[in-house]
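Raw contents of run-v3.csv, CSV, C-alpha atoms:
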```csv
chain,number,residue,atom,x,y,z
A,132,LYS,CA,0.0,0.0,0.0
A,133,GLU,CA,1.4,3.4,-1.0
A,134,THR,CA,2.4,6.0,1.6
A,135,ILE,CA,1.7,9.5,0.4
A,136,THR,CA,2.8,12.7,2.2
A,137,ARG,CA,0.9,15.1,0.0
A,138,MET,CA,2.0,18.4,1.5
A,139,ALA,CA,5.6,17.3,1.7
A,140,ARG,CA,5.4,16.3,-2.0
A,141,THR,CA,6.9,12.9,-1.5
A,142,ALA,CA,5.6,9.4,-2.2
A,143,GLU,CA,6.7,5.8,-1.7
A,144,GLY,CA,5.2,2.4,-2.1
A,145,TYR,CA,5.2,-0.9,-4.1
A,146,LEU,CA,4.1,-0.5,-7.7
A,147,SER,CA,4.4,-2.8,-10.7
A,148,ILE,CA,6.8,-1.6,-13.4
A,149,GLN,CA,7.9,-2.5,-16.9
A,150,GLN,CA,11.0,-1.0,-18.6
A,151,GLN,CA,11.4,-0.5,-22.4
A,152,TYR,CA,14.4,0.6,-24.3
A,153,GLY,CA,13.7,2.4,-27.6
A,154,SER,CA,11.5,0.3,-29.8
A,155,LYS,CA,12.4,-3.0,-28.0
A,156,THR,CA,9.7,-5.2,-26.4
A,157,PRO,CA,9.0,-4.1,-22.8
A,158,SER,CA,10.4,-6.2,-20.0
A,159,SER,CA,8.0,-8.4,-17.9
A,160,LYS,CA,6.0,-6.6,-15.2
A,161,LYS,CA,7.7,-6.7,-11.8
A,162,LYS,CA,6.7,-5.2,-8.4
A,163,LYS,CA,9.3,-2.7,-7.2
A,164,TRP,CA,9.6,-0.2,-4.3
A,165,ILE,CA,9.1,3.2,-5.8
A,166,SER,CA,9.9,6.5,-4.0
A,167,ILE,CA,9.9,10.1,-5.1
A,168,ARG,CA,12.3,12.6,-3.5
A,169,ASP,CA,12.8,16.1,-4.9
A,170,ASN,CA,12.8,15.7,-8.7
A,171,PHE,CA,14.0,12.1,-8.7
A,172,LEU,CA,12.2,8.8,-8.9
A,173,PHE,CA,14.0,5.9,-7.2
A,174,ILE,CA,13.3,2.3,-8.1
A,175,SER,CA,14.5,-0.5,-5.7
A,176,SER,CA,13.8,-4.2,-5.5
A,177,GLN,CA,12.8,-4.0,-1.9
A,178,LYS,CA,11.9,-1.2,0.5
A,179,ASN,CA,15.3,-1.0,2.2
A,180,ASP,CA,17.5,-1.9,-0.8
A,181,SER,CA,19.7,0.5,-2.7
A,182,PRO,CA,18.1,1.9,-5.9
A,183,VAL,CA,18.6,-0.1,-9.1
A,184,ALA,CA,17.5,3.0,-11.1
A,185,VAL,CA,17.3,6.7,-10.4
A,186,ILE,CA,15.2,8.8,-12.8
A,187,PRO,CA,15.7,12.6,-13.1
A,188,LEU,CA,12.1,13.4,-13.7
A,189,GLU,CA,12.8,16.9,-15.2
A,190,LEU,CA,14.2,15.0,-18.3
A,191,TYR,CA,11.1,12.9,-18.7
A,192,THR,CA,7.5,13.3,-19.9
A,193,ILE,CA,4.5,11.4,-18.5
A,194,ILE,CA,1.1,10.3,-19.7
A,195,MET,CA,-1.7,8.5,-17.8
A,196,ALA,CA,-3.7,5.8,-19.7
A,197,GLN,CA,-6.1,2.9,-19.1
A,198,GLU,CA,-6.8,0.2,-21.7
A,199,SER,CA,-10.3,-0.3,-20.4
A,200,MET,CA,-12.5,0.5,-17.3
A,201,ARG,CA,-11.8,-3.0,-16.0
A,202,LYS,CA,-8.1,-2.7,-16.2
A,203,PRO,CA,-5.7,-0.7,-14.0
A,204,VAL,CA,-4.6,2.8,-14.7
A,205,PHE,CA,-0.9,3.1,-15.7
A,206,PHE,CA,1.7,5.7,-16.3
A,207,GLU,CA,4.2,5.9,-19.1
A,208,ILE,CA,7.3,7.9,-18.1
A,209,SER,CA,9.5,8.5,-21.2
A,210,ARG,CA,12.9,10.1,-21.6
A,211,ALA,CA,12.4,13.4,-23.4
A,212,PHE,CA,15.8,15.1,-23.3
A,213,ASP,CA,19.4,14.3,-22.7
A,214,GLU,CA,21.5,16.0,-20.0
A,215,GLU,CA,22.2,18.9,-22.4
A,216,GLY,CA,18.5,19.5,-23.1
A,217,VAL,CA,18.6,17.9,-26.6
A,218,SER,CA,15.3,16.1,-27.5
A,219,MET,CA,15.6,12.3,-27.8
A,220,ALA,CA,13.6,10.4,-30.5
A,221,LEU,CA,14.0,6.9,-29.2
A,222,ALA,CA,14.5,6.7,-25.5
A,223,ASP,CA,13.9,4.5,-22.5
A,224,LYS,CA,10.4,4.3,-21.1
A,225,TYR,CA,9.0,3.1,-17.7
A,226,ILE,CA,5.4,1.8,-17.5
A,227,ILE,CA,4.1,1.9,-13.9
A,228,TYR,CA,0.9,0.3,-12.6
A,229,GLY,CA,-0.8,0.7,-9.3
A,230,GLU,CA,-3.1,-1.7,-7.5
A,231,GLU,CA,-5.8,0.9,-6.8
A,232,ASN,CA,-6.8,3.4,-9.5
A,233,GLU,CA,-8.0,6.0,-7.0
A,234,ASP,CA,-4.5,6.2,-5.3
A,235,ILE,CA,-2.9,6.4,-8.8
A,236,ARG,CA,-5.2,9.2,-10.0
A,237,MET,CA,-5.4,11.3,-6.8
A,238,PHE,CA,-1.9,11.0,-5.3
A,239,TRP,CA,0.8,9.5,-7.6
A,240,TRP,CA,-0.4,11.2,-10.8
A,241,PRO,CA,-0.3,14.9,-9.6
A,242,LEU,CA,3.0,14.4,-7.9
A,243,LEU,CA,4.7,12.8,-10.9
A,244,PHE,CA,3.0,15.1,-13.4
A,245,ARG,CA,4.2,18.2,-11.7
A,246,LYS,CA,7.8,17.0,-11.5
A,247,CYS,CA,8.1,15.8,-15.1
A,248,THR,CA,8.8,18.0,-18.1
A,249,ARG,CA,5.6,19.4,-19.8
A,250,SER,CA,5.6,20.8,-23.3
A,251,GLY,CA,2.8,22.8,-24.7
A,252,MET,CA,0.4,21.9,-21.9
A,253,LEU,CA,-1.4,24.1,-19.3
A,254,PHE,CA,-1.4,22.0,-16.2
A,255,GLY,CA,2.0,21.9,-14.4
A,256,VAL,CA,3.4,24.8,-16.4
A,257,ASP,CA,5.2,27.5,-14.5
A,258,LEU,CA,3.2,30.7,-14.3
A,259,LYS,CA,6.0,32.9,-15.6
A,260,VAL,CA,6.5,30.5,-18.6
A,261,LEU,CA,2.8,30.5,-19.3
A,262,ALA,CA,2.5,34.3,-19.1
A,263,THR,CA,5.4,34.7,-21.5
A,264,ARG,CA,3.9,32.2,-23.9
A,265,THR,CA,0.3,33.5,-23.9
A,266,HIS,CA,0.8,37.2,-23.0
A,267,GLN,CA,-2.0,36.9,-20.5
A,268,LYS,CA,-1.7,38.0,-16.8
A,269,VAL,CA,-4.2,35.4,-15.7
A,270,PRO,CA,-4.1,31.8,-17.1
A,271,GLU,CA,-7.0,31.0,-19.4
A,272,LEU,CA,-8.2,28.1,-17.3
A,273,VAL,CA,-8.4,30.3,-14.2
A,274,ARG,CA,-10.2,33.0,-16.1
A,275,ARG,CA,-12.7,30.6,-17.5
A,276,VAL,CA,-13.5,28.9,-14.2
A,277,VAL,CA,-13.9,32.3,-12.4
A,278,GLU,CA,-16.1,33.7,-15.1
A,279,TYR,CA,-18.4,30.7,-15.1
A,280,LEU,CA,-18.7,30.4,-11.3
A,281,ALA,CA,-19.1,34.2,-11.0
A,282,ILE,CA,-22.3,33.9,-13.1
A,283,CYS,CA,-23.6,30.5,-12.1
A,284,GLY,CA,-22.0,29.2,-8.9
A,285,LEU,CA,-21.7,32.0,-6.3
A,286,SER,CA,-24.7,30.7,-4.3
A,287,GLU,CA,-23.7,27.0,-4.5
A,288,GLU,CA,-23.3,25.6,-1.0
A,289,GLY,CA,-19.8,24.3,-0.2
A,290,ILE,CA,-18.2,25.7,-3.4
A,291,PHE,CA,-14.5,25.0,-3.3
A,292,GLN,CA,-15.1,22.7,-0.3
A,293,GLN,CA,-16.9,19.8,-1.8
A,294,THR,CA,-15.4,17.6,-4.5
A,295,GLY,CA,-16.8,17.0,-8.0
A,296,SER,CA,-16.9,14.2,-10.5
A,297,ALA,CA,-13.5,12.6,-11.0
A,298,PRO,CA,-14.2,11.4,-14.6
A,299,LEU,CA,-15.6,14.8,-15.6
A,300,LEU,CA,-12.6,16.5,-14.0
A,301,ASP,CA,-10.2,14.3,-16.0
A,302,ASN,CA,-12.2,15.2,-19.1
A,303,TYR,CA,-11.9,18.9,-18.5
A,304,ARG,CA,-8.2,18.6,-17.7
A,305,GLU,CA,-7.5,16.7,-20.9
A,306,GLN,CA,-9.4,19.2,-23.0
A,307,PHE,CA,-7.6,22.2,-21.5
A,308,ASP,CA,-4.2,20.5,-21.9
A,309,LYS,CA,-5.0,19.8,-25.6
A,310,GLY,CA,-6.2,23.3,-26.2
A,311,ILE,CA,-9.8,22.2,-26.9
A,312,GLU,CA,-12.6,24.7,-26.2
A,313,VAL,CA,-14.4,23.8,-23.0
A,314,ASP,CA,-18.1,24.8,-22.5
A,315,PHE,CA,-18.8,24.7,-18.8
A,316,CYS,CA,-22.3,25.9,-19.4
A,317,GLY,CA,-23.3,22.5,-20.7
A,318,TYR,CA,-23.0,21.0,-17.1
A,319,THR,CA,-24.6,21.7,-13.8
A,320,ASP,CA,-21.8,20.4,-11.6
A,321,PHE,CA,-20.3,23.5,-10.1
A,322,HIS,CA,-18.1,21.5,-7.7
A,323,THR,CA,-16.3,19.8,-10.6
A,324,VAL,CA,-15.5,23.2,-12.2
A,325,ALA,CA,-14.2,24.5,-8.8
A,326,SER,CA,-12.2,21.3,-8.3
A,327,LEU,CA,-10.6,21.9,-11.7
A,328,LEU,CA,-9.2,25.2,-10.4
A,329,LYS,CA,-7.9,23.5,-7.2
A,330,GLN,CA,-6.2,20.8,-9.2
A,331,TYR,CA,-4.6,23.4,-11.4
A,332,LEU,CA,-3.2,25.3,-8.4
A,333,TYR,CA,-2.1,22.0,-6.8
A,334,GLU,CA,0.0,21.1,-9.8
A,335,LEU,CA,1.8,24.4,-10.3
A,336,PRO,CA,5.5,23.7,-10.0
A,337,GLU,CA,5.9,27.0,-8.2
A,338,PRO,CA,2.8,28.0,-6.1
A,339,VAL,CA,1.0,31.3,-6.5
A,340,VAL,CA,2.8,32.7,-3.4
A,341,CYS,CA,6.3,31.6,-4.3
A,342,TYR,CA,8.4,29.2,-2.2
A,343,SER,CA,11.0,32.0,-1.7
A,344,SER,CA,8.4,34.1,0.2
A,345,TYR,CA,7.1,31.2,2.4
A,346,ASP,CA,9.5,31.6,5.3
A,347,SER,CA,9.1,35.4,5.5
A,348,ILE,CA,5.3,35.0,5.5
A,349,MET,CA,5.5,32.3,8.3
A,350,ASP,CA,7.7,34.6,10.3
A,351,ILE,CA,5.2,37.4,10.0
A,352,MET,CA,2.2,35.2,10.8
A,353,SER,CA,3.8,33.6,13.8
A,354,ASN,CA,4.0,37.0,15.6
A,355,SER,CA,0.8,36.8,17.7
A,356,GLU,CA,1.5,40.2,19.2
A,357,GLU,CA,0.8,42.1,16.0
A,358,SER,CA,-2.7,43.3,15.1
A,359,ASP,CA,-4.3,42.2,11.9
A,360,LYS,CA,-3.8,45.7,10.5
A,361,GLN,CA,-0.1,45.5,11.2
A,362,LEU,CA,0.2,42.0,9.8
A,363,VAL,CA,-1.5,43.1,6.6
A,364,GLU,CA,0.9,46.0,6.1
A,365,VAL,CA,4.0,43.8,6.5
A,366,LEU,CA,2.4,41.0,4.4
A,367,LEU,CA,1.8,43.4,1.5
A,368,GLY,CA,5.4,44.3,1.6
A,369,VAL,CA,6.4,40.7,1.1
A,370,ILE,CA,3.7,40.0,-1.5
A,371,SER,CA,4.8,43.0,-3.6
A,372,TYR,CA,8.0,41.2,-4.5
A,373,LEU,CA,6.2,38.3,-6.2
A,374,PRO,CA,6.8,37.9,-9.9
A,375,ASP,CA,4.2,39.8,-12.0
A,376,ALA,CA,2.5,36.5,-13.1
A,377,HIS,CA,2.1,35.3,-9.5
A,378,PHE,CA,1.1,38.7,-8.2
A,379,SER,CA,-1.6,39.2,-10.9
A,380,LEU,CA,-3.1,35.7,-10.2
A,381,LEU,CA,-3.1,36.3,-6.5
A,382,LYS,CA,-5.0,39.5,-6.9
A,383,TYR,CA,-7.5,38.0,-9.3
A,384,LEU,CA,-8.2,35.0,-7.0
A,385,CYS,CA,-8.5,37.0,-3.8
A,386,GLU,CA,-11.0,39.4,-5.5
A,387,PHE,CA,-13.1,36.4,-6.6
A,388,PHE,CA,-13.0,34.7,-3.2
A,389,ALA,CA,-14.1,38.0,-1.6
A,390,LYS,CA,-17.1,38.0,-3.9
A,391,ILE,CA,-17.9,34.4,-3.0
A,392,ALA,CA,-17.8,35.3,0.7
A,393,GLN,CA,-20.5,37.9,0.1
A,394,PHE,CA,-22.9,35.1,-0.6
A,395,GLU,CA,-22.0,33.3,2.7
A,396,SER,CA,-25.7,33.1,3.8
A,397,SER,CA,-26.4,30.8,0.9
A,398,ASN,CA,-23.1,29.1,0.0
A,399,LYS,CA,-21.9,28.7,3.6
A,400,MET,CA,-18.4,29.8,2.5
A,401,GLY,CA,-17.2,32.8,4.4
A,402,ILE,CA,-13.7,34.1,4.3
A,403,ASN,CA,-12.5,31.6,7.0
A,404,GLN,CA,-14.0,28.6,5.1
A,405,LEU,CA,-12.4,29.8,1.8
A,406,ALA,CA,-9.1,30.3,3.5
A,407,GLU,CA,-9.2,26.8,4.8
A,408,ALA,CA,-10.2,25.3,1.4
A,409,MET,CA,-7.7,27.3,-0.7
A,410,GLY,CA,-4.9,28.5,1.6
A,411,LEU,CA,-2.7,25.5,1.4
A,412,LEU,CA,-2.9,25.5,-2.4
A,413,ILE,CA,-2.0,29.2,-2.8
A,414,ILE,CA,0.5,29.5,0.0
A,415,ARG,CA,2.1,26.1,-0.4
A,416,ALA,CA,4.7,24.8,1.8
A,417,PRO,CA,8.1,23.8,0.3
A,418,ASP,CA,8.7,20.1,-0.5
A,419,ASP,CA,11.2,19.6,2.3
A,420,ILE,CA,9.0,20.8,5.2
A,421,SER,CA,8.3,18.3,7.9
A,422,PRO,CA,4.7,17.2,8.6
A,423,SER,CA,4.9,18.3,12.2
A,424,LEU,CA,6.1,21.8,11.2
A,425,LEU,CA,3.4,22.0,8.5
A,426,ASP,CA,0.7,21.1,11.2
A,427,GLN,CA,2.0,24.0,13.2
A,428,GLN,CA,2.1,26.4,10.3
A,429,THR,CA,-1.3,25.5,8.8
A,430,PRO,CA,-3.3,27.9,10.9
A,431,TRP,CA,-0.9,30.7,10.0
A,432,ILE,CA,-1.3,29.9,6.3
A,433,GLN,CA,-5.0,29.9,6.6
A,434,LYS,CA,-5.1,33.2,8.5
A,435,CYS,CA,-2.7,34.8,6.0
A,436,MET,CA,-5.1,33.6,3.2
A,437,GLY,CA,-8.0,35.1,5.0
A,438,LEU,CA,-6.3,38.4,5.5
A,439,LEU,CA,-5.4,38.6,1.8
A,440,ILE,CA,-9.0,37.9,0.8
A,441,GLU,CA,-10.4,40.4,3.3
A,442,ASN,CA,-7.9,43.1,2.2
A,443,HIS,CA,-7.9,42.2,-1.5
A,444,LYS,CA,-8.5,45.8,-2.6
A,445,LYS,CA,-5.1,46.8,-1.1
A,446,LEU,CA,-3.4,44.4,-3.5
A,447,TYR,CA,-4.3,46.7,-6.3
A,448,ILE,CA,-2.2,49.6,-4.9
A,449,THR,CA,0.7,47.4,-3.9
A,450,LYS,CA,2.1,47.2,-7.4
A,451,ASP,CA,1.7,49.6,-10.3
A,452,MET,CA,-0.1,47.0,-12.5
A,453,SER,CA,-3.3,47.1,-14.4
A,454,LYS,CA,-6.3,45.3,-12.9
A,455,PRO,CA,-7.3,42.1,-14.7
A,456,LYS,CA,-11.0,42.1,-15.5
A,457,LEU,CA,-13.5,39.4,-14.6
A,458,VAL,CA,-15.6,39.4,-17.7
A,459,PRO,CA,-19.0,37.7,-17.4
A,460,VAL,CA,-19.7,34.7,-19.5
A,461,PRO,CA,-22.2,35.6,-22.3
A,462,ALA,CA,-25.6,34.0,-21.8
A,463,PRO,CA,-25.7,30.7,-23.8
A,464,LYS,CA,-28.1,30.6,-26.7
A,465,ARG,CA,-28.8,26.9,-26.9
A,466,GLU,CA,-31.9,25.5,-25.2
A,467,SER,CA,-29.9,22.7,-23.6
A,468,ILE,CA,-27.7,25.0,-21.5
A,469,ARG,CA,-30.0,27.5,-20.0
A,470,LEU,CA,-28.2,27.2,-16.6
A,471,CYS,CA,-26.3,30.4,-17.1
A,472,ASP,CA,-29.4,32.5,-17.8
A,473,SER,CA,-30.1,32.7,-14.0
A,474,PRO,CA,-29.8,36.3,-12.7
A,475,VAL,CA,-26.7,35.8,-10.6
A,476,PRO,CA,-24.4,38.9,-10.3
A,477,SER,CA,-21.1,38.9,-12.0
A,478,ALA,CA,-17.8,38.8,-10.0
A,479,LEU,CA,-17.3,42.6,-10.1
A,480,GLU,CA,-20.9,43.7,-9.6
```
Write the structure described by the file as structure tokens, please.
Amino acid sequence: KETITRMARTAEGYLSIQQQYGSKTPSSKKKKWISIRDNFLFISSQKNDSPVAVIPLELYTIIMAQESMRKPVFFEISRAFDEEGVSMALADKYIIYGEENEDIRMFWWPLLFRKCTRSGMLFGVDLKVLATRTHQKVPELVRRVVEYLAICGLSEEGIFQQTGSAPLLDNYREQFDKGIEVDFCGYTDFHTVASLLKQYLYELPEPVVCYSSYDSIMDIMSNSEESDKQLVEVLLGVISYLPDAHFSLLKYLCEFFAKIAQFESSNKMGINQLAEAMGLLIIRAPDDISPSLLDQQTPWIQKCMGLLIENHKKLYITKDMSKPKLVPVPAPKRESIRLCDSPVPSALE
């Protein structure tokens, strides 16, 4: 049974694995002890044995597949580049199977996907790289989710707290990664759309609030003698040093969460609940933090998230940057998707 330390970004456990060199036939499937540390995947015959293979994941690409619903999910981890960054046409490949599909989908996949090289995709791409590539301050997926929920989902109880449909989430993810136009208005599952945003934030290689700012923020939040007003003033000073792509996304999300909190009487998601649901995704702990220290710091992270949501307007004067717009989704014309015709206010109303 796999052991997953999600917030420490490590994983270990027995998985079945095949190896293939170039166009040769894959080796027979064997159960091996797999562990992930930093950006390396270690393969050992037994738990306490020395590794028989060490895979630098940043040189590999990964896909997840399933031959049929009755068969297990598997990963293909393929060598994409050599040590000098040159693309490799025929390279070694590892095919990894898990015993339980849910563990593979929910735990191993996000961790491996984030650490492997991605090319031309949306999930797992660094925010600065994506901003340079698209010339957008806010990633397209985030904008689409926010615009949809701002029209249709503000009053939905437990939004960003409840989980959605895993198959539908996988479908959304695949479409966005392939650049296929996604029409959220054809569905009524607001929680799946909200979960898509959470999954996107979880898989960012560098969180919205960068790792380099984490220790400074924890030092600020651990000072219980300071008033909230004093904490906010110091926090804004740290936040102002975030790269533009990170700062813009943080502003955009905090404004949206503040709007959701205005509907607390119906959605049961006030600032505190939103801070609990989203804080650990936006202010994410570094990989090497111990579980005990994270437990201690989690209330500080959530309080910091709450202060940023509550004081989101101050973020717009922290940096001299133009304000991204939350543009409402146009009302759909098709009879089958009347859902968005309901008179729910837009995010900036």
With all atoms listed in the file counted and 12 Å as the cut-off, give the residues of range 225-312 of chain A in contact with range 410-427 of chain A, each with its shortest interatomic distance in Å and the pair that gives it, as JSON lines.
```
{"residue": "A:Leu242", "atom": "CA", "partner": "A:Asp418", "partner_atom": "CA", "distance": 10.9}
{"residue": "A:Lys246", "atom": "CA", "partner": "A:Asp418", "partner_atom": "CA", "distance": 11.5}
{"residue": "A:Phe291", "atom": "CA", "partner": "A:Gly410", "partner_atom": "CA", "distance": 11.3}
{"residue": "A:Gln292", "atom": "CA", "partner": "A:Gly410", "partner_atom": "CA", "distance": 11.9}
```
Sort by chain and increasing residue number a table of all residues of range 241-302 of chain A within 9 Å of range 319-334 of chain A, each with its closest pair of atoms and their distance in Å to one decimal, counting only C-alpha atoms, and write it as CSV.
```
residue,atom,partner,partner_atom,distance
A:Pro241,CA,A:Glu334,CA,6.2
A:Leu242,CA,A:Glu334,CA,7.6
A:Phe244,CA,A:Glu334,CA,7.6
A:Arg245,CA,A:Glu334,CA,5.4
A:Lys246,CA,A:Glu334,CA,9.0
A:Leu253,CA,A:Tyr331,CA,8.6
A:Phe254,CA,A:Tyr331,CA,5.9
A:Gly255,CA,A:Glu334,CA,5.1
A:Val256,CA,A:Glu334,CA,8.3
A:Leu272,CA,A:Leu328,CA,7.6
A:Val273,CA,A:Leu328,CA,6.4
A:Val276,CA,A:Val324,CA,6.4
A:Val277,CA,A:Ala325,CA,8.6
A:Tyr279,CA,A:Val324,CA,8.5
A:Leu280,CA,A:Phe321,CA,7.2
A:Cys283,CA,A:Phe321,CA,8.0
A:Gly284,CA,A:Phe321,CA,6.1
A:Glu287,CA,A:Phe321,CA,7.4
A:Gly289,CA,A:His322,CA,8.2
A:Ile290,CA,A:His322,CA,6.0
A:Phe291,CA,A:Ala325,CA,5.5
A:Gln292,CA,A:His322,CA,8.1
A:Gln293,CA,A:His322,CA,6.3
A:Thr294,CA,A:His322,CA,5.7
A:Gly295,CA,A:Thr323,CA,3.9
A:Ser296,CA,A:Thr323,CA,5.6
A:Ala297,CA,A:Thr323,CA,7.7
A:Leu299,CA,A:Thr323,CA,7.1
A:Leu300,CA,A:Thr323,CA,6.0
A:Asp301,CA,A:Leu327,CA,8.7
```
Range 178-181 of chain A surroundings by all atoms listed in the file, 12 Å radius, close-in-sequence under 2 positions cut, as a ChimeraX atom specification: /A:132-134,143-146,162-166,173-176,183-185
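Using only C-alpha atoms, the nearest neighbour of Ile370 in chain A within the list A:Cys435, A:Ala408, A:Leu335, A:Ala392 is A:Cys435.
When CA of Lys268 in chain A is paired with CA of Leu380 in chain A, their separation reads 7.1 Å.
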Ref. answer, residues at most 7 Å from (-0.1, 41.8, 1.1) with only C-alpha atoms, as an MDAnalysis selection string: chainID A and resid 363:364 366:371 439 446
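Closest approach to Asn398 in chain A from the set A:Glu278, A:Asp257, A:Glu288, A:Glu305 is made by A:Glu288, with distances taken over only C-alpha atoms.
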Who sits within 9 Å of Ala389 in chain A, only C-alpha atoms, same chain under 3 positions skipped, as a PyMOL selection string: chain A and resi 384-386+392-393+401-402+440-443
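Relative to CA of Lys224 in chain A, CA of Ala142 in chain A is found at 20.2 Å.
Between CA of Ser379 in chain A and CA of Glu395 in chain A there is a distance of 25.2 Å.
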Counting all atoms listed in the file, the option among A:Leu381, A:Met349, A:Leu373, A:Ile227 closest to Ser159 in chain A: A:Ile227
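For the set A:Met400, A:Ile351, A:Met195, A:Leu243, the residue with the smallest atom-to-atom gap to Ser286 in chain A is A:Met400, counting all atoms listed in the file.
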